[in-house]
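Source file: data-v2.csv; contents: CSV, C-alpha atoms.
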```csv
chain,number,residue,atom,x,y,z
A,1,MET,CA,14.4,0.2,-2.7
A,2,PRO,CA,18.2,-0.2,-2.6
A,3,ASP,CA,19.9,-2.8,-4.9
A,4,GLU,CA,18.5,-5.7,-2.8
A,5,GLN,CA,17.0,-8.7,-4.6
A,6,VAL,CA,13.4,-9.4,-3.4
A,7,THR,CA,12.7,-13.1,-3.4
A,8,PRO,CA,9.2,-14.7,-3.4
A,9,ASP,CA,9.8,-15.5,0.3
A,10,ASP,CA,10.2,-11.8,1.0
A,11,VAL,CA,6.8,-10.9,-0.4
A,12,VAL,CA,3.8,-10.9,2.0
A,13,THR,CA,0.2,-11.1,0.6
A,14,LEU,CA,-2.8,-10.2,2.6
A,15,ARG,CA,-6.4,-10.6,1.4
A,16,PHE,CA,-9.4,-9.2,3.3
A,17,PRO,CA,-13.1,-8.2,2.8
A,18,ALA,CA,-13.4,-4.7,1.2
A,19,ALA,CA,-14.7,-3.2,4.4
A,20,THR,CA,-13.5,-0.2,6.4
A,21,GLU,CA,-13.0,-2.1,9.6
A,22,ARG,CA,-10.6,-4.5,7.8
A,23,VAL,CA,-8.2,-1.8,6.5
A,24,ARG,CA,-6.3,-2.0,9.9
A,25,LEU,CA,-4.9,-5.3,8.6
A,26,ALA,CA,-3.2,-3.5,5.7
A,27,ARG,CA,-1.9,-0.9,8.1
A,28,THR,CA,-0.4,-3.6,10.3
A,29,LEU,CA,1.3,-5.2,7.3
A,30,VAL,CA,2.8,-2.0,6.1
A,31,ALA,CA,3.9,-1.0,9.6
A,32,THR,CA,5.7,-4.3,10.1
A,33,LEU,CA,7.4,-4.0,6.7
A,34,ALA,CA,8.4,-0.4,7.3
A,35,ASP,CA,9.7,-1.2,10.8
A,36,GLU,CA,11.8,-4.1,9.5
A,37,ALA,CA,13.2,-1.9,6.8
A,38,GLY,CA,14.5,0.5,9.4
A,39,PHE,CA,12.1,3.4,9.1
A,40,ASP,CA,11.6,5.6,12.2
A,41,PHE,CA,8.3,5.8,14.1
A,42,ASP,CA,7.0,8.9,12.2
A,43,GLN,CA,7.8,7.3,8.8
A,44,VAL,CA,6.1,4.1,9.8
A,45,GLU,CA,3.0,6.1,10.8
A,46,ASP,CA,3.1,8.0,7.5
A,47,LEU,CA,3.2,4.8,5.5
A,48,ARG,CA,0.3,3.4,7.5
A,49,ILE,CA,-1.7,6.6,6.5
A,50,ALA,CA,-0.7,6.0,2.8
A,51,VAL,CA,-2.0,2.5,2.7
A,52,ASP,CA,-5.1,3.5,4.6
A,53,GLU,CA,-5.9,6.2,2.0
A,54,LEU,CA,-5.3,3.9,-0.9
A,55,CYS,CA,-7.3,1.0,0.6
A,56,PHE,CA,-10.3,3.3,1.0
A,57,VAL,CA,-10.0,4.2,-2.7
A,58,LEU,CA,-10.2,0.5,-3.5
A,59,ILE,CA,-13.2,0.0,-1.1
A,60,ASP,CA,-15.2,2.6,-3.1
A,61,GLN,CA,-14.5,0.6,-6.3
A,62,CYS,CA,-14.8,-3.0,-5.0
A,63,GLY,CA,-18.2,-2.8,-3.4
A,64,SER,CA,-19.3,-4.7,-0.4
A,65,VAL,CA,-18.9,-8.1,-2.1
A,66,GLY,CA,-15.3,-7.5,-3.1
A,67,ARG,CA,-12.0,-8.3,-1.4
A,68,ILE,CA,-8.8,-6.3,-1.3
A,69,GLU,CA,-5.4,-7.9,-1.8
A,70,VAL,CA,-2.3,-6.1,-0.5
A,71,THR,CA,1.1,-7.4,-1.3
A,72,GLY,CA,4.2,-5.9,0.3
A,73,SER,CA,7.9,-6.4,0.2
A,74,GLY,CA,10.7,-4.7,1.9
A,75,GLY,CA,14.4,-4.7,2.8
A,76,LEU,CA,16.8,-2.5,4.6
A,77,GLY,CA,15.9,1.1,3.6
A,78,GLY,CA,12.8,0.6,1.6
A,79,ILE,CA,9.4,-1.0,1.0
A,80,ARG,CA,7.0,-1.5,-2.0
A,81,VAL,CA,3.3,-2.1,-1.6
A,82,GLU,CA,0.7,-3.0,-4.1
A,83,GLY,CA,-3.1,-3.4,-3.7
A,84,ARG,CA,-5.9,-4.4,-5.9
A,85,CYS,CA,-9.6,-5.4,-5.8
A,86,VAL,CA,-10.4,-9.0,-6.2
A,87,ASP,CA,-13.8,-10.6,-6.6
A,88,GLY,CA,-15.5,-7.2,-6.6
A,89,ASN,CA,-17.6,-5.0,-8.9
A,90,SER,CA,-16.5,-3.8,-12.2
A,91,PRO,CA,-14.6,-0.5,-12.0
A,92,SER,CA,-17.0,2.4,-11.7
A,93,GLY,CA,-14.6,5.2,-12.6
A,94,ASP,CA,-11.1,6.5,-13.1
A,95,LEU,CA,-9.1,5.8,-10.0
A,96,GLY,CA,-6.7,8.6,-11.1
A,97,ASP,CA,-9.2,11.2,-9.9
A,98,LEU,CA,-8.2,11.1,-6.2
A,99,ALA,CA,-9.5,13.5,-3.6
A,100,GLU,CA,-7.1,16.5,-3.3
A,101,ILE,CA,-6.3,15.6,0.3
A,102,THR,CA,-5.4,12.1,-0.7
A,103,THR,CA,-3.1,13.4,-3.4
A,104,GLN,CA,-1.4,15.7,-0.9
A,105,ILE,CA,-1.0,13.0,1.7
A,106,LEU,CA,0.6,10.6,-0.8
A,107,ALA,CA,2.8,13.2,-2.3
A,108,THR,CA,4.1,14.0,1.2
A,109,VAL,CA,4.6,10.5,2.6
A,110,VAL,CA,5.7,8.2,-0.2
A,111,ASP,CA,8.4,8.5,-2.9
A,112,ASP,CA,6.1,7.5,-5.8
A,113,TYR,CA,2.7,6.0,-6.3
A,114,GLU,CA,0.3,4.9,-9.0
A,115,VAL,CA,-3.5,4.5,-8.8
A,116,GLY,CA,-5.6,3.2,-11.7
A,117,ILE,CA,-7.3,0.4,-13.5
A,118,VAL,CA,-4.7,-2.3,-14.3
A,119,GLU,CA,-5.9,-5.2,-16.5
A,120,GLY,CA,-9.5,-4.2,-15.7
A,121,VAL,CA,-8.9,-4.2,-11.9
A,122,PRO,CA,-8.7,-1.2,-9.6
A,123,SER,CA,-5.2,-1.1,-8.2
A,124,PHE,CA,-2.5,0.9,-6.4
A,125,ARG,CA,1.2,0.8,-5.9
A,126,PHE,CA,3.6,2.8,-3.8
A,127,SER,CA,7.2,2.7,-2.6
A,128,LYS,CA,9.3,4.5,-0.1
A,129,THR,CA,13.0,4.5,0.5
A,130,ASP,CA,14.9,5.8,3.5
A,131,PRO,CA,18.6,6.4,2.7
A,132,VAL,CA,19.5,6.7,6.4
A,133,ALA,CA,17.7,3.6,7.6
A,134,LYS,CA,19.8,1.6,10.0
A,135,PRO,CA,19.9,-2.2,10.2
A,136,VAL,CA,17.6,-3.7,12.8
A,137,PRO,CA,19.7,-5.5,15.4
```
Encoded form using structure tokens:
Amino acid sequence: MPDEQVTPDDVVTLRFPAATERVRLARTLVATLADEAGFDFDQVEDLRIAVDELCFVLIDQCGSVGRIEVTGSGGLGGIRVEGRCVDGNSPSGDLGDLAEITTQILATVVDDYEVGIVEGVPSFRFSKTDPVAKPVP
């Protein structure tokens, strides 16, 4: 993101059951942050797809008893999103081994991303900046 300071008030955290029908909550969060950051419609949709793909990776790891926590922050021209399993199963593999289609999607729609086991917890992170974003009136 540009040289803006993100304060704790700017961070939004969402926690939901690790179930496919609940991923729409993460998509809505990311769409809201991206819209507020000034991304155009197509970019917002791309970021919704990115969080969708990454949440499904976590669902595979969390199991049906787990929950997913998604934290996002944004400002004019950029967003940062992190996700992790909470209260779920122990990791069952290396999250770095993503499906080829997921890797292609992420490489196309975000500036950078990481997927892996962080402190024993399946997690992801991505960010996207838009140097031509305009302030929202």
Select, from A:Gly66, A:Gly72, A:Gly38, A:Gly77, the residue with the minimum atom-to-atom distance to Thr129 (chain A), counting only C-alpha atoms. A:Gly77
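The residue that comes closest to Val115 (chain A), out of A:Ser73, A:Asp87, A:Glu53, A:Gly78 and on the basis of all atoms listed in the file, is A:Glu53.
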For Arg15 (chain A), which residue among A:Cys55, A:Leu47, A:Val70, A:Leu33 is the nearest when counting only C-alpha atoms? A:Val70
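Counting all atoms listed in the file, region 103-111 of chain A has the following residues at most 8 Å away, ignoring those fewer than 2 positions along the same chain: Gln43, Asp46, Leu47, Ala50, Leu98, Ala99, Glu100, Ile101, Tyr113, Phe126, Ser127, Lys128 and Thr129 of chain A.
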So which one's closest to Val44 (chain A), A:Val23, A:Leu14, A:Asp130, A:Ser123? Using all atoms listed in the file, please. A:Asp130
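For the atom pair formed by CA of Arg67 (chain A) and CA of Glu45 (chain A), the distance is 24.1 Å, given to one decimal.
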